[in-house]
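Peer 1: Next comes my_file.cif, mmCIF, C-alpha atoms:
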```cif
data_target
loop_
_atom_site.group_PDB
_atom_site.id
_atom_site.type_symbol
_atom_site.label_atom_id
_atom_site.label_comp_id
_atom_site.auth_asym_id
_atom_site.auth_seq_id
_atom_site.Cartn_x
_atom_site.Cartn_y
_atom_site.Cartn_z
ATOM 1 C CA MET A 1 0.000 0.000 0.000
ATOM 2 C CA GLY A 2 1.461 3.367 -0.992
ATOM 3 C CA SER A 3 2.219 6.004 1.634
ATOM 4 C CA SER A 4 -0.418 8.448 0.347
ATOM 5 C CA LYS A 5 -3.070 5.733 0.501
ATOM 6 C CA ARG A 6 -1.915 4.716 3.996
ATOM 7 C CA ARG A 7 -2.405 8.309 5.194
ATOM 8 C CA ARG A 8 -6.102 8.128 4.359
ATOM 9 C CA PHE A 9 -6.582 4.855 6.234
ATOM 10 C CA LYS A 10 -7.133 4.259 9.921
ATOM 11 C CA VAL A 11 -5.621 1.241 11.661
ATOM 12 C CA GLN A 12 -7.508 -1.042 14.028
ATOM 13 C CA ASN A 13 -5.232 -3.147 16.233
ATOM 14 C CA ILE A 14 -7.079 -6.259 17.455
ATOM 15 C CA ALA A 15 -6.071 -8.543 20.323
ATOM 16 C CA PHE A 16 -7.510 -11.239 22.551
ATOM 17 C CA LYS A 17 -6.635 -13.211 25.662
ATOM 18 C CA TRP A 18 -8.372 -16.503 26.308
ATOM 19 C CA SER A 19 -8.643 -18.541 29.477
ATOM 20 C CA LYS A 20 -9.091 -22.091 28.230
ATOM 21 C CA GLN A 21 -9.867 -23.353 31.739
ATOM 22 C CA LYS A 22 -12.613 -20.824 32.346
ATOM 23 C CA LYS A 23 -13.706 -20.588 28.688
ATOM 24 C CA PHE A 24 -13.494 -16.833 29.113
ATOM 25 C CA LEU A 25 -12.305 -14.436 26.408
ATOM 26 C CA GLY A 26 -11.066 -10.882 26.693
ATOM 27 C CA ALA A 27 -11.005 -8.984 23.396
ATOM 28 C CA ALA A 28 -9.847 -5.455 22.618
ATOM 29 C CA TRP A 29 -9.245 -3.120 19.752
ATOM 30 C CA VAL A 30 -7.580 0.245 19.343
ATOM 31 C CA LEU A 31 -8.399 2.503 16.395
ATOM 32 C CA ARG A 32 -5.588 4.849 15.385
ATOM 33 C CA ASN A 33 -5.181 7.571 12.809
ATOM 34 C CA ASN A 34 -2.291 7.730 10.336
ATOM 35 C CA ARG A 35 -0.106 9.505 12.948
ATOM 36 C CA GLY A 36 -0.518 6.645 15.423
ATOM 37 C CA GLU A 37 -2.826 8.621 17.702
ATOM 38 C CA SER A 38 -5.513 6.608 19.429
ATOM 39 C CA LEU A 39 -8.994 7.706 18.346
ATOM 40 C CA LEU A 40 -11.073 5.019 20.064
ATOM 41 C CA HIS A 41 -10.430 1.870 22.044
ATOM 42 C CA SER A 42 -12.697 -0.879 23.264
ATOM 43 C CA ARG A 43 -12.788 -3.927 25.492
ATOM 44 C CA ARG A 44 -15.274 -6.767 25.668
ATOM 45 C CA ALA A 45 -15.598 -9.940 27.707
ATOM 46 C CA PHE A 46 -17.094 -13.108 26.226
ATOM 47 C CA GLY A 47 -18.084 -16.227 28.141
ATOM 48 C CA ASN A 48 -18.411 -19.875 27.148
ATOM 49 C CA ILE A 49 -15.757 -19.747 24.391
ATOM 50 C CA GLY A 50 -14.704 -23.363 23.947
ATOM 51 C CA SER A 51 -11.936 -23.399 21.330
ATOM 52 C CA PHE A 52 -9.019 -21.427 19.976
ATOM 53 C CA VAL A 53 -10.736 -21.032 16.578
ATOM 54 C CA GLU A 54 -13.922 -19.819 18.268
ATOM 55 C CA GLU A 55 -12.014 -17.193 20.255
ATOM 56 C CA LYS A 56 -10.311 -15.782 17.157
ATOM 57 C CA PHE A 57 -13.546 -15.840 15.154
ATOM 58 C CA THR A 58 -15.525 -14.164 17.957
ATOM 59 C CA THR A 59 -12.856 -11.467 18.319
ATOM 60 C CA TRP A 60 -12.762 -10.745 14.572
ATOM 61 C CA MET A 61 -16.550 -10.588 14.234
ATOM 62 C CA TRP A 62 -16.826 -8.197 17.171
ATOM 63 C CA ALA A 63 -13.997 -5.970 15.884
ATOM 64 C CA ILE A 64 -15.478 -5.756 12.382
ATOM 65 C CA GLU A 65 -18.987 -5.095 13.704
ATOM 66 C CA SER A 66 -17.571 -2.356 15.933
ATOM 67 C CA ILE A 67 -15.896 -0.620 12.993
ATOM 68 C CA ARG A 68 -19.097 -0.824 10.972
ATOM 69 C CA SER A 69 -21.229 0.526 13.845
ATOM 70 C CA HIS A 70 -18.847 3.489 14.217
ATOM 71 C CA HIS A 71 -19.145 4.148 10.462
ATOM 72 C CA VAL A 72 -15.410 3.876 9.851
ATOM 73 C CA ASP A 73 -14.339 3.299 6.250
ATOM 74 C CA LYS A 74 -10.833 2.812 4.930
ATOM 75 C CA VAL A 75 -9.436 0.702 7.732
ATOM 76 C CA ILE A 76 -6.472 -1.635 8.014
ATOM 77 C CA PHE A 77 -7.253 -4.466 10.438
ATOM 78 C CA GLU A 78 -4.107 -5.579 12.272
ATOM 79 C CA ALA A 79 -3.796 -8.712 14.405
ATOM 80 C CA GLU A 80 -1.256 -11.331 15.423
ATOM 81 C CA PHE A 81 -3.158 -14.323 14.029
ATOM 82 C CA SER A 82 -3.261 -15.070 10.321
ATOM 83 C CA ASP A 83 -5.289 -18.246 9.735
ATOM 84 C CA LEU A 84 -8.718 -16.584 9.695
ATOM 85 C CA LEU A 85 -7.333 -13.822 7.490
ATOM 86 C CA GLY A 86 -6.215 -16.501 5.066
ATOM 87 C CA ALA A 87 -9.701 -18.000 5.149
ATOM 88 C CA VAL A 88 -11.180 -14.618 4.191
ATOM 89 C CA LYS A 89 -8.722 -13.960 1.373
ATOM 90 C CA ARG A 90 -8.316 -17.508 0.012
ATOM 91 C CA GLN A 91 -11.200 -19.634 1.215
ATOM 92 C CA ARG A 92 -10.181 -22.509 -1.064
ATOM 93 C CA ASP A 93 -6.812 -22.828 0.760
ATOM 94 C CA TRP A 94 -8.453 -23.032 4.205
ATOM 95 C CA PRO A 95 -11.222 -25.678 3.931
ATOM 96 C CA THR A 96 -11.452 -26.254 7.701
ATOM 97 C CA LEU A 97 -12.200 -22.542 8.203
ATOM 98 C CA ARG A 98 -14.620 -22.153 5.280
ATOM 99 C CA TYR A 99 -17.572 -21.229 7.512
ATOM 100 C CA GLN A 100 -15.607 -18.628 9.511
ATOM 101 C CA GLY A 101 -14.099 -17.105 6.352
ATOM 102 C CA SER A 102 -17.530 -16.845 4.751
ATOM 103 C CA GLU A 103 -19.068 -15.201 7.824
ATOM 104 C CA LEU A 104 -16.197 -12.721 8.128
ATOM 105 C CA ARG A 105 -16.600 -11.776 4.445
ATOM 106 C CA LYS A 106 -20.321 -11.181 5.076
ATOM 107 C CA ALA A 107 -19.485 -9.014 8.113
ATOM 108 C CA LEU A 108 -17.094 -6.948 6.001
ATOM 109 C CA GLY A 109 -19.959 -6.590 3.513
ATOM 110 C CA ASP A 110 -19.904 -3.253 1.772
ATOM 111 C CA LEU A 111 -17.273 -1.723 4.060
ATOM 112 C CA ARG A 112 -15.314 0.601 1.774
ATOM 113 C CA GLY A 113 -11.557 0.200 1.645
ATOM 114 C CA TRP A 114 -10.286 -2.413 4.059
ATOM 115 C CA SER A 115 -7.271 -4.654 4.289
ATOM 116 C CA PHE A 116 -5.667 -7.060 6.747
ATOM 117 C CA ARG A 117 -2.152 -7.043 8.090
ATOM 118 C CA VAL A 118 -0.519 -9.602 10.385
ATOM 119 C CA ILE A 119 1.650 -7.968 13.050
ATOM 120 C CA GLU A 120 3.892 -9.108 15.889
ATOM 121 C CA SER A 121 2.791 -9.000 19.523
ATOM 122 C CA ARG A 122 5.244 -6.180 20.340
ATOM 123 C CA THR A 123 3.464 -4.060 17.722
ATOM 124 C CA ASN A 124 0.122 -4.866 19.321
ATOM 125 C CA ARG A 125 0.993 -4.182 22.969
ATOM 126 C CA CYS A 126 -1.769 -1.685 23.700
ATOM 127 C CA ALA A 127 -4.686 -3.766 22.455
ATOM 128 C CA GLY A 128 -3.054 -6.798 24.056
ATOM 129 C CA ALA A 129 -2.850 -5.114 27.465
ATOM 130 C CA ILE A 130 -6.515 -4.121 27.304
ATOM 131 C CA ALA A 131 -7.574 -7.664 26.333
ATOM 132 C CA LYS A 132 -5.396 -9.141 29.088
ATOM 133 C CA SER A 133 -7.175 -6.956 31.662
ATOM 134 C CA VAL A 134 -10.270 -9.135 31.227
ATOM 135 C CA THR A 135 -8.640 -12.490 31.939
ATOM 136 C CA GLN A 136 -5.894 -11.434 34.366
ATOM 137 C CA GLU A 137 -7.419 -8.500 36.250
ATOM 138 C CA ARG A 138 -10.986 -9.764 35.807
ATOM 139 C CA TRP A 139 -12.165 -6.410 34.492
ATOM 140 C CA SER A 140 -15.169 -7.627 32.553
ATOM 141 C CA GLN A 141 -16.924 -4.305 31.953
ATOM 142 C CA SER A 142 -17.263 -3.856 28.201
ATOM 143 C CA TYR A 143 -16.858 -0.336 26.861
ATOM 144 C CA VAL A 144 -15.856 1.948 23.984
ATOM 145 C CA ALA A 145 -13.983 5.157 24.806
ATOM 146 C CA GLN A 146 -12.137 7.959 23.051
ATOM 147 C CA GLY A 147 -8.370 8.328 23.155
ATOM 148 C CA ASN A 148 -6.147 6.236 25.412
ATOM 149 C CA PRO A 149 -7.167 4.445 28.599
ATOM 150 C CA ALA A 150 -5.676 6.465 31.478
ATOM 151 C CA TRP A 151 -4.231 3.347 33.138
ATOM 152 C CA LEU A 152 -2.159 2.636 29.985
ATOM 153 C CA LYS A 153 -1.156 6.211 29.136
ATOM 154 C CA GLU A 154 2.601 5.522 29.236
ATOM 155 C CA LEU A 155 2.304 2.386 27.097
ATOM 156 C CA PHE A 156 0.222 4.222 24.490
ATOM 157 C CA GLU A 157 2.685 7.136 24.413
ATOM 158 C CA ALA A 158 5.655 4.777 24.016
ATOM 159 C CA ASP A 159 3.794 2.879 21.298
ATOM 160 C CA LYS A 160 3.008 6.088 19.423
ATOM 161 C CA GLN A 161 6.703 7.044 19.577
ATOM 162 C CA GLY A 162 7.617 3.652 18.125
ATOM 163 C CA SER A 163 9.330 2.288 21.241
#
```
With the file now loaded, output its structure as structure tokens.

Peer 2:
Amino acid sequence: MGSSKRRRFKVQNIAFKWSKQKKFLGAAWVLRNNRGESLLHSRRAFGNIGSFVEEKFTTWMWAIESIRSHHVDKVIFEAEFSDLLGAVKRQRDWPTLRYQGSELRKALGDLRGWSFRVIESRTNRCAGAIAKSVTQERWSQSYVAQGNPAWLKELFEADKQGS
């Protein structure tokens, strides 16, 4: 993607933390502008999530639905897991994830200008910390808020600076 095109796009970092024992999922996303500034962030807790595929699928569906409900176009979805992205892009190559790929494509629907990018966990620290707060701190209140969460201000600032 060219740099001028990238400037017009927003980036949604997506992360999850799953407790297999408790079947409890913490999911989070952070929406940033082209300067790396946090516009919105969100956390959600999900119960009765029984498999690794289900946790990734649930997280993706929620993140995409959130973007659509906030009327955001031209977004790059970034996450650490690539298999479901492969199922969306090349359904034929991922037969075991055909259903999930099909449902994700439906969720993307007529969303204008989107793409996926796989990133490393160190690039996704902020969304990861928010998701982890559900399973480790047991903060299960779901929310959407503007800017950075106050309790992660330093992490968000360091992330914006590229640390």

Peer 1: Nearest to Ala15 in chain A: which of A:Lys56, A:Arg117, A:Lys89, A:Arg35 is it, counting all atoms listed in the file?

Peer 2: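 Under the stated criterion, the closest residue is A:Lys56.
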
Peer 1: So what does the PyMOL selection byres ((chain A and resi 72) around 10) actually pick up in this one, as a ChimeraX atom specification?

Peer 2: /A:9-10,31,64,66-71,73-75,111-114

Peer 1: Name the residues that the PyMOL selection byres ((chain A and resi 20) around 10) pulls out of this structure, and write them as number ranges by chain.

Peer 2: A: 17-19, 21-25, 48-52, 55

Peer 1: Of the residues A:Phe81, A:Trp62, A:Phe16, A:Phe57, which is the one nearest to Ile119 in chain A, using all atoms listed in the file?

Peer 2: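 Ranked by minimum distance to Ile119 in chain A, first place goes to A:Phe81.
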
Peer 1: Quick one, how far is CA of Gly86 in chain A from CA of Gly128 in chain A?

Peer 2: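 About the pair CA of Gly86 in chain A and CA of Gly128 in chain A: they are 21.6 Å apart.
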
Peer 1: Applied to the shown file, which residues does the PyMOL selection byres ((chain A and resi 133-136) around 9) return, written as a short mmCIF file (atom, residue, chain, number, x, y, z; two decimals) with C-alpha atoms, in the frame of the given file?

Peer 2:
```cif
data_model
loop_
_atom_site.label_atom_id
_atom_site.label_comp_id
_atom_site.auth_asym_id
_atom_site.auth_seq_id
_atom_site.Cartn_x
_atom_site.Cartn_y
_atom_site.Cartn_z
CA LYS A 17 -6.64 -13.21 25.66
CA TRP A 18 -8.37 -16.50 26.31
CA SER A 19 -8.64 -18.54 29.48
CA PHE A 24 -13.49 -16.83 29.11
CA LEU A 25 -12.30 -14.44 26.41
CA GLY A 26 -11.07 -10.88 26.69
CA ALA A 27 -11.00 -8.98 23.40
CA ARG A 43 -12.79 -3.93 25.49
CA ARG A 44 -15.27 -6.77 25.67
CA ALA A 45 -15.60 -9.94 27.71
CA GLY A 128 -3.05 -6.80 24.06
CA ALA A 129 -2.85 -5.11 27.46
CA ILE A 130 -6.52 -4.12 27.30
CA ALA A 131 -7.57 -7.66 26.33
CA LYS A 132 -5.40 -9.14 29.09
CA GLU A 137 -7.42 -8.50 36.25
CA ARG A 138 -10.99 -9.76 35.81
CA TRP A 139 -12.16 -6.41 34.49
CA SER A 140 -15.17 -7.63 32.55
CA GLN A 141 -16.92 -4.30 31.95
#
```

Peer 1: Give me, please, the distance in Å between CA of Ala87 in chain A and CA of Arg122 in chain A, quoted to one decimal.

Peer 2: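 Rounded to one decimal, the two atoms are 24.4 Å apart.
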
Peer 1: Could you please determine the separation between CA of Ser102 in chain A and CA of Asn13 in chain A in Å, to one decimal place?

Peer 2: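 Calculated distance between CA of Ser102 in chain A and CA of Asn13 in chain A is 21.7 Å.
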
Peer 1: In file coordinates, which residues lie within 12 Å of (-11.7, -22.2, 7.2) using all atoms listed in the file, given as a short mmCIF file (atom, residue, chain, number, x, y, z; two decimals) with C-alpha atoms, keeping the file's coordinate frame?

Peer 2:
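Ended up saving to result00.cif:
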```cif
data_model
loop_
_atom_site.label_atom_id
_atom_site.label_comp_id
_atom_site.auth_asym_id
_atom_site.auth_seq_id
_atom_site.Cartn_x
_atom_site.Cartn_y
_atom_site.Cartn_z
CA VAL A 53 -10.74 -21.03 16.58
CA GLU A 54 -13.92 -19.82 18.27
CA LYS A 56 -10.31 -15.78 17.16
CA PHE A 57 -13.55 -15.84 15.15
CA SER A 82 -3.26 -15.07 10.32
CA ASP A 83 -5.29 -18.25 9.74
CA LEU A 84 -8.72 -16.58 9.70
CA LEU A 85 -7.33 -13.82 7.49
CA GLY A 86 -6.22 -16.50 5.07
CA ALA A 87 -9.70 -18.00 5.15
CA VAL A 88 -11.18 -14.62 4.19
CA LYS A 89 -8.72 -13.96 1.37
CA ARG A 90 -8.32 -17.51 0.01
CA GLN A 91 -11.20 -19.63 1.22
CA ARG A 92 -10.18 -22.51 -1.06
CA ASP A 93 -6.81 -22.83 0.76
CA TRP A 94 -8.45 -23.03 4.20
CA PRO A 95 -11.22 -25.68 3.93
CA THR A 96 -11.45 -26.25 7.70
CA LEU A 97 -12.20 -22.54 8.20
CA ARG A 98 -14.62 -22.15 5.28
CA TYR A 99 -17.57 -21.23 7.51
CA GLN A 100 -15.61 -18.63 9.51
CA GLY A 101 -14.10 -17.10 6.35
CA SER A 102 -17.53 -16.84 4.75
CA GLU A 103 -19.07 -15.20 7.82
CA LEU A 104 -16.20 -12.72 8.13
CA ARG A 105 -16.60 -11.78 4.44
#
```
